[in-house]
Every structure is written in structure tokens, then in C-alpha cells.
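Below: structure18.txt (compact mmCIF, C-alpha atoms and all ligand atoms)
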# COMPACT_ATOMS: atom_id res chain seq x y z
CA MET F 1 0.00 0.00 0.00
CA ASN F 2 1.20 3.50 -0.79
CA PHE F 3 2.67 5.07 2.36
CA SER F 4 1.49 8.56 1.45
CA GLU F 5 -2.07 7.80 0.43
CA TYR F 6 -3.81 7.54 3.78
CA LEU F 7 -1.17 8.70 6.24
CA ALA F 8 -0.85 12.41 6.90
CA LYS F 9 2.77 13.42 7.12
CA THR F 10 4.33 16.81 7.52
CA GLY F 11 7.77 16.22 6.01
CA LYS F 12 8.33 16.82 2.32
CA TYR F 13 10.99 14.16 2.04
CA PRO F 14 10.34 11.28 4.44
CA VAL F 15 13.24 8.86 4.60
CA ASP F 16 10.89 6.23 3.14
CA LEU F 17 12.39 3.18 4.79
CA ALA F 18 10.12 0.26 5.61
CA ALA F 19 11.62 -1.59 8.55
CA VAL F 20 10.09 -4.97 9.27
CA LYS F 21 12.17 -6.03 12.25
CA ALA F 22 14.49 -4.45 14.79
CA ASN F 23 16.86 -5.90 17.31
CA GLY F 24 19.59 -4.30 19.43
CA CYS F 25 21.24 -1.54 17.40
CA TYR F 26 19.96 -2.90 14.08
CA PHE F 27 16.79 -2.87 12.05
CA PHE F 28 16.02 -4.69 8.80
CA ASP F 29 13.94 -3.85 5.76
CA ALA F 30 11.69 -6.19 3.78
CA GLU F 31 14.60 -7.32 1.59
CA GLY F 32 16.56 -8.26 4.68
CA LYS F 33 18.96 -5.33 4.35
CA LYS F 34 20.51 -4.49 7.69
CA TYR F 35 20.82 -0.93 9.01
CA ILE F 36 22.58 0.25 12.13
CA ASP F 37 20.41 2.70 14.04
CA LEU F 38 22.54 5.64 15.17
CA ILE F 39 19.61 7.76 16.30
CA SER F 40 17.43 5.38 18.37
CA GLY F 41 14.13 6.67 16.99
CA ILE F 42 15.32 10.16 17.97
CA GLY F 43 16.50 9.31 21.44
CA VAL F 44 13.80 6.77 22.32
CA SER F 45 15.20 3.24 22.00
CA TYR F 46 18.07 3.97 24.33
CA ILE F 47 18.89 0.38 25.29
CA GLY F 48 18.45 -0.84 21.72
CA HIS F 49 15.41 -2.33 20.04
CA ASN F 50 13.36 -5.16 21.50
CA HIS F 51 15.54 -5.95 24.49
CA SER F 52 14.39 -9.30 25.89
CA HIS F 53 13.94 -7.92 29.43
CA VAL F 54 11.70 -5.13 28.15
CA ILE F 55 9.72 -7.48 25.92
CA SER F 56 8.97 -9.82 28.82
CA ALA F 57 8.00 -6.92 31.13
CA VAL F 58 5.60 -5.63 28.45
CA LYS F 59 4.12 -9.09 27.86
CA ASP F 60 3.72 -9.63 31.57
CA GLN F 61 1.88 -6.33 31.95
CA ILE F 62 -0.38 -7.09 29.00
CA ASP F 63 -1.20 -10.47 30.53
CA HIS F 64 -2.41 -8.62 33.62
CA HIS F 65 -4.15 -5.69 31.96
CA MET F 66 -3.67 -2.72 29.67
CA HIS F 67 -5.53 0.57 30.16
CA LEU F 68 -8.06 0.45 33.00
CA MET F 69 -8.80 3.95 34.20
CA VAL F 70 -7.63 7.52 33.63
CA TYR F 71 -4.23 8.28 35.14
CA GLY F 72 -4.09 8.86 38.88
CA GLU F 73 -7.39 7.24 39.90
CA PHE F 74 -6.55 3.58 40.48
CA HIS F 75 -3.63 2.27 42.49
CA HIS F 76 -1.20 1.08 39.94
CA PRO F 77 1.92 -0.81 41.00
CA THR F 78 3.81 -0.45 37.69
CA GLN F 79 3.29 3.32 37.58
CA ALA F 80 4.24 3.64 41.24
CA ALA F 81 7.38 1.52 40.77
CA LEU F 82 8.52 3.60 37.79
CA ALA F 83 7.82 6.86 39.65
CA LYS F 84 9.81 5.62 42.65
CA LYS F 85 12.71 4.64 40.37
CA ILE F 86 12.71 8.07 38.69
CA ILE F 87 12.91 9.75 42.09
CA GLU F 88 15.77 7.44 43.08
CA ILE F 89 17.83 8.10 39.97
CA SER F 90 17.24 11.83 40.42
CA ASN F 91 19.09 11.37 43.74
CA HIS F 92 15.85 12.41 45.46
CA ALA F 93 16.08 15.92 44.05
CA PHE F 94 12.33 15.56 43.39
CA GLU F 95 9.51 13.76 45.15
CA GLN F 96 6.63 13.12 42.77
CA VAL F 97 5.98 12.27 39.15
CA PHE F 98 2.99 13.15 36.96
CA PHE F 99 2.90 10.89 33.89
CA THR F 100 1.79 12.20 30.50
CA ASN F 101 1.72 10.67 27.02
CA SER F 102 4.50 12.63 25.37
CA GLY F 103 7.27 15.15 25.83
CA THR F 104 5.33 18.18 24.73
CA GLU F 105 2.53 17.30 27.13
CA ALA F 106 5.04 17.08 29.96
CA ASN F 107 6.11 20.63 29.17
CA GLU F 108 2.48 21.79 29.02
CA GLY F 109 1.94 20.38 32.50
CA ALA F 110 5.12 21.99 33.81
CA LEU F 111 4.21 25.43 32.43
CA LYS F 112 0.74 25.19 33.96
CA LEU F 113 2.18 24.13 37.30
CA ALA F 114 4.55 27.10 37.29
CA LYS F 115 1.68 29.52 36.62
CA ARG F 116 -0.47 27.88 39.27
CA ALA F 117 2.36 27.99 41.83
CA THR F 118 3.44 31.58 41.28
CA GLY F 119 0.21 33.22 40.12
CA ARG F 120 2.35 35.05 37.57
CA PRO F 121 1.62 35.57 33.87
CA ASN F 122 5.02 35.54 32.20
CA LEU F 123 7.24 32.78 30.86
CA ILE F 124 10.77 32.84 29.50
CA GLY F 125 12.25 30.46 26.94
CA CYS F 126 15.61 30.27 25.20
CA LEU F 127 16.45 31.11 21.62
CA GLY F 128 17.17 27.93 19.71
CA ALA F 129 15.10 25.78 22.07
CA TYR F 130 12.68 23.08 20.98
CA HIS F 131 10.06 22.02 23.53
CA GLY F 132 7.38 20.42 21.36
CA SER F 133 4.64 21.14 18.86
CA THR F 134 1.57 21.90 20.98
CA HIS F 135 0.60 25.52 21.58
CA GLY F 136 2.26 26.05 24.97
CA SER F 137 5.48 24.21 24.15
CA LEU F 138 5.69 25.91 20.78
CA SER F 139 5.19 29.29 22.45
CA VAL F 140 8.31 28.83 24.58
CA SER F 141 10.35 27.25 21.77
CA GLY F 142 12.92 29.54 20.24
CA ASN F 143 12.75 29.02 16.50
CA GLU F 144 10.59 31.79 15.04
CA SER F 145 10.13 30.18 11.62
CA ARG F 146 8.30 27.26 13.23
CA LYS F 147 5.88 29.60 15.02
CA THR F 148 4.93 32.47 12.73
CA ASN F 149 2.05 30.77 10.93
CA PHE F 150 0.53 29.42 14.11
CA ARG F 151 0.11 32.71 15.95
CA PRO F 152 -1.45 33.82 18.20
CA LEU F 153 0.46 31.64 20.66
CA LEU F 154 0.70 32.14 24.44
CA PRO F 155 0.98 35.79 25.48
CA GLY F 156 3.63 36.98 27.95
CA VAL F 157 6.52 34.89 26.61
CA SER F 158 9.99 36.40 26.20
CA PHE F 159 13.30 34.91 25.18
CA ILE F 160 16.86 34.92 26.39
CA ARG F 161 19.95 33.88 24.48
CA TYR F 162 21.24 30.48 25.57
CA ASN F 163 24.30 30.49 27.78
CA GLN F 164 24.48 34.33 27.97
CA GLU F 165 24.61 35.51 31.55
CA GLU F 166 23.87 39.14 30.58
CA ASP F 167 20.34 38.16 29.53
CA LEU F 168 19.35 36.75 32.90
CA SER F 169 18.43 40.22 34.15
CA ILE F 170 15.16 40.03 32.18
CA ILE F 171 13.89 37.42 34.65
CA HIS F 172 11.73 39.52 36.99
CA GLU F 173 9.02 39.44 39.68
CA GLN F 174 6.31 38.60 37.16
CA THR F 175 8.17 35.68 35.59
CA ALA F 176 6.44 32.42 36.50
CA ALA F 177 9.11 30.19 34.98
CA VAL F 178 12.15 29.89 32.81
CA ILE F 179 12.18 26.74 30.69
CA ILE F 180 15.53 25.51 29.43
CA GLU F 181 17.18 22.39 28.04
CA PRO F 182 20.30 21.72 30.16
CA ILE F 183 21.93 20.87 26.83
CA GLN F 184 20.13 22.18 23.76
CA GLY F 185 19.27 19.38 21.37
CA ASP F 186 17.67 20.77 18.25
CA ALA F 187 19.96 23.79 18.31
CA GLY F 188 22.69 21.27 17.38
CA VAL F 189 23.87 20.07 20.81
CA ARG F 190 24.78 23.31 22.58
CA ILE F 191 26.40 22.79 25.95
CA PRO F 192 26.18 25.62 28.49
CA THR F 193 28.71 26.37 31.17
CA LYS F 194 28.14 25.32 34.74
CA ARG F 195 28.60 28.96 35.67
CA TYR F 196 25.70 29.97 33.41
CA LEU F 197 23.27 27.39 34.77
CA THR F 198 24.31 28.26 38.32
CA ALA F 199 23.68 31.96 37.64
CA LEU F 200 20.31 31.09 36.09
CA ARG F 201 19.35 29.09 39.18
CA LYS F 202 20.42 31.98 41.42
CA ARG F 203 18.47 34.58 39.44
CA CYS F 204 15.35 32.40 39.48
CA ASP F 205 15.67 31.99 43.25
CA GLU F 206 16.10 35.74 43.74
CA MET F 207 12.99 36.49 41.67
CA GLY F 208 10.83 33.65 43.01
CA THR F 209 10.71 32.22 39.48
CA LEU F 210 10.50 28.48 38.91
CA LEU F 211 13.17 26.79 36.82
CA ILE F 212 11.91 24.09 34.44
CA MET F 213 14.48 21.83 32.81
CA ASP F 214 13.39 19.96 29.73
CA GLU F 215 15.33 16.68 29.79
CA ILE F 216 13.13 15.02 27.22
CA GLN F 217 16.14 14.50 24.97
CA THR F 218 18.98 14.57 27.51
CA GLY F 219 17.42 12.23 30.08
CA PHE F 220 18.11 8.59 30.87
CA GLY F 221 21.83 8.39 30.36
CA ARG F 222 22.10 10.00 26.94
CA THR F 223 24.78 12.36 28.24
CA GLY F 224 26.47 9.87 30.59
CA LYS F 225 24.49 10.62 33.74
CA TRP F 226 20.87 9.76 34.38
CA PHE F 227 19.99 13.40 33.82
CA ALA F 228 22.09 16.12 32.22
CA HIS F 229 21.48 18.62 35.06
CA GLN F 230 23.47 16.26 37.29
CA HIS F 231 26.64 17.19 35.34
CA PHE F 232 26.15 20.82 36.33
CA GLU F 233 24.85 20.22 39.86
CA VAL F 234 22.02 22.63 39.18
CA ILE F 235 18.63 21.28 40.17
CA PRO F 236 15.46 22.62 38.55
CA ASP F 237 12.12 23.01 40.31
CA ILE F 238 10.39 20.99 37.61
CA LEU F 239 12.00 18.34 35.41
CA THR F 240 10.30 17.22 32.21
CA LEU F 241 10.85 13.81 30.64
CA GLY F 242 9.81 11.88 27.54
CA LYS F 243 11.43 9.92 24.70
CA SER F 244 13.58 7.25 26.46
CA LEU F 245 11.33 7.34 29.53
CA GLY F 246 8.90 4.85 27.97
CA GLY F 247 11.59 2.43 26.81
CA GLY F 248 10.16 2.42 23.27
CA LEU F 249 6.51 3.08 24.17
CA PRO F 250 4.84 6.51 24.48
CA LEU F 251 5.33 8.16 27.86
CA GLY F 252 6.18 11.58 29.26
CA ALA F 253 6.36 13.03 32.76
CA PHE F 254 6.88 16.14 34.79
CA VAL F 255 8.58 15.75 38.11
CA ALA F 256 8.78 18.08 41.12
CA LYS F 257 8.71 18.31 44.90
CA ARG F 258 5.48 17.18 46.57
CA ASP F 259 4.40 20.63 47.84
CA LEU F 260 4.55 21.99 44.32
CA MET F 261 2.72 19.05 42.74
CA GLU F 262 -0.03 19.18 45.35
CA LEU F 263 -1.08 22.58 44.07
CA LEU F 264 -2.66 20.82 41.10
CA THR F 265 -5.13 19.11 43.43
CA GLU F 266 -7.01 22.30 44.30
CA ASN F 267 -8.19 25.55 42.68
CA PRO F 268 -9.28 23.78 40.56
CA PRO F 269 -9.30 20.17 41.71
CA LEU F 270 -7.90 17.96 38.96
CA GLY F 271 -5.78 20.90 37.85
CA HIS F 272 -4.05 18.67 35.33
CA ILE F 273 -5.44 15.41 34.00
CA THR F 274 -4.87 12.91 31.23
CA THR F 275 -6.64 9.79 30.03
CA PHE F 276 -3.71 7.78 28.75
CA GLY F 277 -0.74 9.33 30.61
CA GLY F 278 1.12 6.65 32.59
CA ASN F 279 -0.22 3.83 30.47
CA PRO F 280 0.70 0.67 32.39
CA VAL F 281 2.35 -1.03 29.43
CA SER F 282 4.52 2.04 28.75
CA CYS F 283 5.44 2.21 32.44
CA ALA F 284 6.43 -1.47 32.42
CA ALA F 285 8.71 -0.89 29.42
CA GLY F 286 10.18 2.26 31.00
CA LEU F 287 10.94 0.53 34.29
CA ALA F 288 12.44 -2.54 32.60
CA SER F 289 14.67 -0.29 30.50
CA ILE F 290 16.06 1.48 33.55
CA GLN F 291 16.75 -1.93 35.10
CA VAL F 292 18.74 -2.89 32.00
CA VAL F 293 20.83 0.29 32.25
CA GLU F 294 21.54 -0.58 35.87
CA THR F 295 22.31 -4.28 35.46
CA GLU F 296 24.44 -3.72 32.35
CA HIS F 297 26.19 -0.71 33.97
CA LEU F 298 25.59 1.26 30.79
CA LEU F 299 26.07 4.73 32.27
CA ASP F 300 29.73 3.92 32.91
CA THR F 301 30.30 3.32 29.20
CA VAL F 302 28.54 6.31 27.64
CA GLU F 303 31.30 8.91 27.80
CA GLU F 304 33.95 6.59 26.33
CA LYS F 305 31.61 5.53 23.51
CA GLY F 306 30.91 9.17 22.68
CA ALA F 307 34.62 9.93 22.79
CA GLN F 308 35.25 7.06 20.34
CA PHE F 309 32.84 8.63 17.83
CA GLU F 310 34.65 11.93 18.26
CA ARG F 311 38.09 10.36 17.78
CA LEU F 312 37.05 8.49 14.66
CA LEU F 313 34.98 11.12 12.88
CA VAL F 314 37.92 13.18 11.72
CA HIS F 315 37.70 14.58 8.19
CA PRO F 316 38.43 17.96 6.58
CA ALA F 317 34.71 18.26 5.74
CA ILE F 318 33.77 17.93 9.41
CA LYS F 319 33.92 21.40 10.91
CA GLU F 320 33.04 20.63 14.49
CA ILE F 321 31.68 17.91 16.74
CA ARG F 322 29.66 19.00 19.77
CA ARG F 323 28.95 16.25 22.20
CA LYS F 324 28.12 15.18 25.73
CA GLY F 325 28.20 11.41 26.14
CA LEU F 326 26.29 9.93 23.22
CA MET F 327 24.38 13.09 22.33
CA ILE F 328 26.33 14.20 19.29
CA ALA F 329 26.07 16.89 16.60
CA VAL F 330 28.44 16.72 13.65
CA GLU F 331 28.75 20.02 11.82
CA LEU F 332 29.51 20.04 8.09
CA GLU F 333 30.12 22.86 5.62
CA SER F 334 26.53 23.38 4.53
CA ALA F 335 22.94 22.23 4.73
CA GLU F 336 23.22 20.74 1.22
CA MET F 337 26.18 18.64 2.17
CA THR F 338 24.48 17.49 5.38
CA GLU F 339 21.45 16.38 3.43
CA ARG F 340 23.58 14.33 1.05
CA VAL F 341 25.65 12.77 3.83
CA VAL F 342 22.52 11.75 5.73
CA LEU F 343 20.76 10.28 2.69
CA ASN F 344 23.84 8.47 1.39
CA SER F 345 24.70 7.09 4.84
CA ILE F 346 21.22 5.65 5.10
CA GLN F 347 21.71 4.10 1.67
CA SER F 348 24.89 2.52 2.95
CA GLY F 349 23.08 1.08 5.96
CA VAL F 350 23.86 3.67 8.64
CA LEU F 351 20.93 5.66 9.98
CA ILE F 352 21.99 9.15 10.97
CA TYR F 353 19.58 12.05 10.84
CA TRP F 354 19.23 15.80 10.63
CA PHE F 355 18.02 18.33 13.17
CA LEU F 356 14.76 20.26 12.74
CA SER F 357 16.40 23.67 12.86
CA THR F 358 20.16 23.22 12.59
CA LYS F 359 20.55 22.33 8.96
CA ASN F 360 24.34 22.12 8.65
CA CYS F 361 24.65 19.39 11.28
CA PHE F 362 23.63 15.77 11.52
CA ARG F 363 22.83 14.00 14.74
CA ILE F 364 24.14 10.82 16.27
CA ALA F 365 22.30 9.42 19.30
CA PRO F 366 22.71 5.64 19.19
CA PRO F 367 21.45 3.13 21.72
CA LEU F 368 23.68 3.26 24.80
CA THR F 369 24.31 -0.45 24.20
CA ILE F 370 26.27 0.20 20.99
CA THR F 371 29.61 -1.62 20.94
CA SER F 372 33.07 -0.36 20.09
CA ASP F 373 33.10 -2.44 16.87
CA GLN F 374 29.74 -1.04 15.83
CA ILE F 375 31.01 2.49 16.43
CA SER F 376 34.15 1.83 14.33
CA SER F 377 32.31 0.32 11.40
CA SER F 378 29.63 3.05 11.45
CA CYS F 379 32.24 5.82 11.51
CA ASN F 380 34.14 4.19 8.63
CA ALA F 381 30.93 4.02 6.62
CA ILE F 382 30.13 7.69 7.29
CA LEU F 383 33.66 8.79 6.35
CA THR F 384 33.46 6.79 3.11
CA VAL F 385 30.15 8.49 2.31
CA ILE F 386 31.73 11.91 2.88
CA ASP F 387 34.75 10.98 0.72
CA ASN F 388 32.47 9.86 -2.09
CA ILE F 389 30.51 13.10 -1.99
CA LEU F 390 33.57 15.36 -2.14
C1 LIG E 401 14.05 18.80 24.17
C2 LIG E 401 12.72 18.33 23.67
N1 LIG E 401 11.61 18.73 24.29
C3 LIG E 401 10.38 18.34 23.89
C4 LIG E 401 10.22 17.51 22.80
C5 LIG E 401 8.85 17.09 22.37
O1 LIG E 401 8.61 15.76 22.69
P1 LIG E 401 7.42 14.97 21.96
O2 LIG E 401 7.79 14.87 20.51
O3 LIG E 401 7.35 13.65 22.67
O4 LIG E 401 6.18 15.78 22.16
C6 LIG E 401 11.36 17.09 22.10
C7 LIG E 401 11.22 16.23 20.91
O5 LIG E 401 12.07 16.15 20.05
C8 LIG E 401 12.64 17.51 22.54
O6 LIG E 401 13.75 17.12 21.92
Would you mind giving the structure from this file in C-alpha cells?
Amino acid sequence: MNFSEYLAKTGKYPVDLAAVKANGCYFFDAEGKKYIDLISGIGVSYIGHNHSHVISAVKDQIDHHMHLMVYGEFHHPTQAALAKKIIEISNHAFEQVFFTNSGTEANEGALKLAKRATGRPNLIGCLGAYHGSTHGSLSVSGNESRKTNFRPLLPGVSFIRYNQEEDLSIIHEQTAAVIIEPIQGDAGVRIPTKRYLTALRKRCDEMGTLLIMDEIQTGFGRTGKWFAHQHFEVIPDILTLGKSLGGGLPLGAFVAKRDLMELLTENPPLGHITTFGGNPVSCAAGLASIQVVETEHLLDTVEEKGAQFERLLVHPAIKEIRRKGLMIAVELESAEMTERVVLNSIQSGVLIYWFLSTKNCFRIAPPLTITSDQISSSCNAILTVIDNIL
């Protein structure tokens, strides 16, 4: 059946691959051609595809039940166990989790919570940020070309430049929240200084403004720690999660201290609700995935694996590599060249991908389980593609 006939899609040039099977770092098309997945479904399949521990946890949950009742009404051991685990791996920087369906919804919940907690009208986002495609998340995202034709968006939103301490003075007594990625993803992996994030935290504290960190892309070991803010020792008031959280199934969350979260129980009661958020099958997959990271000690390997990519991807056409752990942006000379490198790499069996807004870079975000041999052979294939294009 024709892919485009009944399915709405918003990209002009979908990659057009039809995978029929996936396992570990690989997926296979109908002809049996093997591809190595260097982007993990854009940061989702972080322990590889179809890990046996995750598959059995999912099957076990399905054998018990799937959806029963809207989130938060019934006691649900799988949800509770995943929430407890998230709090543990946050080193108890937070106390409670509200599960959503997706990343953008997690940000919507966080923005609402900040307004409810402070009673203030204004929000601040960062230039270059991507927080999702719904109205609230889009409003605080920092790429104007993605927003213009969808206005009016949320009122009272202003922007600061990322990693620029001078701009922090615009945070004031009417600012409910600043939302920031602790490492910007779609901006092409931009890593701030510890000094900047510390100054941001301080300014928010002085102004009574809540700090929201969007770790939808950076969470769950992608950068070598469970959460990227742990590298900087700067703790937000609200943490938002998605992508890897569901271990391959749809799941998002916002996470905060109990006293903050409890505000959503009154004025109005049920201040934030969702039908499917915290779906038990997604929670089972998410929890099983964290267990795999722990039992396979994957966090200890992430930085060295990222460094191996950086060591091997040396070529005159590569202008810069920006990276933390296995969250990698490779900058080339132009958008045209990036497009050709991505398409030709896919042809040669290596799935790399572009960014939404940063057109002269391609992204690498493989499963954390990738091996040294897989990294070497993938890098060789990418370098050969670049050589052939030049
Ligand atoms: C940093 C960040 N925030 C939010 C989102 C939106 O998540 P979702 O696509 O699950 O709504 C993304 C997705 O790419 C993201 O990278």
C-alpha cells in the first residue's frame, strides 16, 4: 500500500524506509537489508530495540491488563514503581511524578504548574530551544520560523539567548518560569557552562521564578548521567521527561517536589489530568529499561563511547563535533552537504539524521548499548560516504 495515500505526514521528504524487524542496534527492511540505528528513533530506544527484558516486562503487563482507568485514579503498582525509580535516579532531588503521554505534554503540565504555583503571567524560553509542537510548548520554543504561521500563541513569553549571563536580568518578579534544556538538542547540541546554569538558578531563586528543565532529549543516560542537570549540579524546580522514559513506548512526565505538585489538586481540583498518561504497558517498558541500564552498567560506558565517535569522525569536511556522552552533533560545511551525507549514509546502511532547525549538522544518538566495533564500522561508513561526496 502507498505510504502517502492515507497517512498524513508533515515532512516533504520522508526517509521512506520500511523496517520490518528491529533488534539491538539494528533494524532490517523487507529485503533483509541491515541498518545500524545511530539515532534510536530520535532518542527513544536507548537500550536498543526489542531488548528481551523489556519485551517480557511488556508481555507480563499485558497479561495482567492494559488501560483500565484515567491516570491517577486507580492504584497502579507499575506506575508507582517507575515513579519511585525516577525519584531514586534523580538522587531524590524531586519527590513526585505526573505521567503524560508525550514530551510536549510534559512541558504543558510543567508550564501550567509554574503559573499555578506563582500566580504570575510571564514565561521565558531560550532562543534555539525546541520544547514540542503543541501551543504552549511551541510558544516557549525559540525558532521563530516554526511559530509564525501558528500565531497567536501564548501571550507573555519572552526569550533569552542560551548560555548568555547578561540576559538573565530580564527574569523579573512577574516571571512564573524559565524553561531551558540543560543541553540544547535541536539547536545542534549546545552545551552551556556550569557557571551559566548556576547563575540562572540563582536569578530564578532571587525572583521567586521556577526553573523548568526539559530533559526530554537529555534524560536517561544519553549524556552519561541519568539526567544532564546532574553534570552541572544545578537542580530545577520541575523536570520534564519523555522519549527514552517509555523504553520504546509513548510516555512523558513532569517531576517536582510534593508541595509543588499538590497545588494541582485544588483551585481547581484535577488541575491537570490525562486519560492515557502513565499507560501501564509504557510504564512497564520504562521501568524494565532502567533496570537494563543498571544491570548492564551502561552509564559507565557512555562517555567513552561518545569519545570514540569523536576520535574516529575526523575529516576535513567535518567542521566541528559538539557532544556530551552519546548526544552528538556533527557540523559540516553546509545544509546541502548534510542532506547528502545523511541520505547516502542511510543508503549505505547507517541511519543518521538531521536536526529540525540546525541544517548544517547531523545528529548521532545511538542506543547506549552500541559496541566499540559497531562504532568503528559506522564511523568508517560515514567517512566513506563523505569521501564519495567530495
Ligand atoms: C528537548 C525536547 N523537548 C520536547 C520535545 C517534544 O517531545 P514529543 O515529541 O514527545 O512531544 C522534544 C522532541 O524532540 C525535545 O527534543
Check which residues fall inside 9 Å of ligand LIG 401 (chain E) when counting only C-alpha atoms and all ligand atoms, and print them as a PDB file with C-alpha atoms, keeping the file's coordinate frame.
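In the end it all went to result.pdb:
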ATOM      1  CA  ILE F  42      15.320  10.160  17.970  1.00  0.00           C
ATOM      2  CA  GLY F  43      16.500   9.310  21.440  1.00  0.00           C
ATOM      3  CA  ASN F 101       1.720  10.670  27.020  1.00  0.00           C
ATOM      4  CA  SER F 102       4.500  12.630  25.370  1.00  0.00           C
ATOM      5  CA  GLY F 103       7.270  15.150  25.830  1.00  0.00           C
ATOM      6  CA  THR F 104       5.330  18.180  24.730  1.00  0.00           C
ATOM      7  CA  GLU F 105       2.530  17.300  27.130  1.00  0.00           C
ATOM      8  CA  ALA F 106       5.040  17.080  29.960  1.00  0.00           C
ATOM      9  CA  ASN F 107       6.110  20.630  29.170  1.00  0.00           C
ATOM     10  CA  ALA F 129      15.100  25.780  22.070  1.00  0.00           C
ATOM     11  CA  TYR F 130      12.680  23.080  20.980  1.00  0.00           C
ATOM     12  CA  HIS F 131      10.060  22.020  23.530  1.00  0.00           C
ATOM     13  CA  GLY F 132       7.380  20.420  21.360  1.00  0.00           C
ATOM     14  CA  SER F 133       4.640  21.140  18.860  1.00  0.00           C
ATOM     15  CA  THR F 134       1.570  21.900  20.980  1.00  0.00           C
ATOM     16  CA  SER F 137       5.480  24.210  24.150  1.00  0.00           C
ATOM     17  CA  SER F 141      10.350  27.250  21.770  1.00  0.00           C
ATOM     18  CA  ILE F 180      15.530  25.510  29.430  1.00  0.00           C
ATOM     19  CA  GLU F 181      17.180  22.390  28.040  1.00  0.00           C
ATOM     20  CA  ILE F 183      21.930  20.870  26.830  1.00  0.00           C
ATOM     21  CA  GLN F 184      20.130  22.180  23.760  1.00  0.00           C
ATOM     22  CA  GLY F 185      19.270  19.380  21.370  1.00  0.00           C
ATOM     23  CA  ASP F 186      17.670  20.770  18.250  1.00  0.00           C
ATOM     24  CA  ASP F 214      13.390  19.960  29.730  1.00  0.00           C
ATOM     25  CA  GLU F 215      15.330  16.680  29.790  1.00  0.00           C
ATOM     26  CA  ILE F 216      13.130  15.020  27.220  1.00  0.00           C
ATOM     27  CA  GLN F 217      16.140  14.500  24.970  1.00  0.00           C
ATOM     28  CA  THR F 218      18.980  14.570  27.510  1.00  0.00           C
ATOM     29  CA  THR F 240      10.300  17.220  32.210  1.00  0.00           C
ATOM     30  CA  LEU F 241      10.850  13.810  30.640  1.00  0.00           C
ATOM     31  CA  GLY F 242       9.810  11.880  27.540  1.00  0.00           C
ATOM     32  CA  LYS F 243      11.430   9.920  24.700  1.00  0.00           C
ATOM     33  CA  PRO F 250       4.840   6.510  24.480  1.00  0.00           C
ATOM     34  CA  LEU F 251       5.330   8.160  27.860  1.00  0.00           C
ATOM     35  CA  GLY F 252       6.180  11.580  29.260  1.00  0.00           C
ATOM     36  CA  LEU F 356      14.760  20.260  12.740  1.00  0.00           C
TER      37      LEU F 356
END
Shell of 10 Å around Lys33 of chain F, all atoms listed in the file, local chain residues under 6 positions omitted, as a CSV table (one decimal) with C-alpha atoms, keeping the file's coordinate frame:
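Writing the result to result28.csv gives the following:
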chain,number,residue,atom,x,y,z
F,19,ALA,CA,11.6,-1.6,8.6
F,27,PHE,CA,16.8,-2.9,12.0
F,348,SER,CA,24.9,2.5,3.0
F,349,GLY,CA,23.1,1.1,6.0
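Checking F:Ala8, F:Leu154, F:Val44, F:Val255 one by one against His92 of chain F, counting all atoms listed in the file, you find the shortest gap at F:Val255.
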Find the distance between atom CA of His67 of chain F and atom CA of Ala288 of chain F and write it in Å to one decimal. 18.4 Å
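For the choices F:Ala365, F:Ile86, F:Ile47, F:Ala317, the atom-to-atom distance to Ser289 of chain F is smallest for F:Ile47 when using all atoms listed in the file.
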Straight-line distance linking atom CA of Val302 of chain F with atom CA of Phe94 of chain F, stated in Å to one decimal: 24.4 Å
If I put a ball of radius 12 Å at (0.5, 28.2, 34.8) in the file's coordinates, which residues poke into it when counting only C-alpha atoms, written as a PyMOL selection string? chain F and resi 107-123+136+154+156+175-178+209-210+263-264+271-272
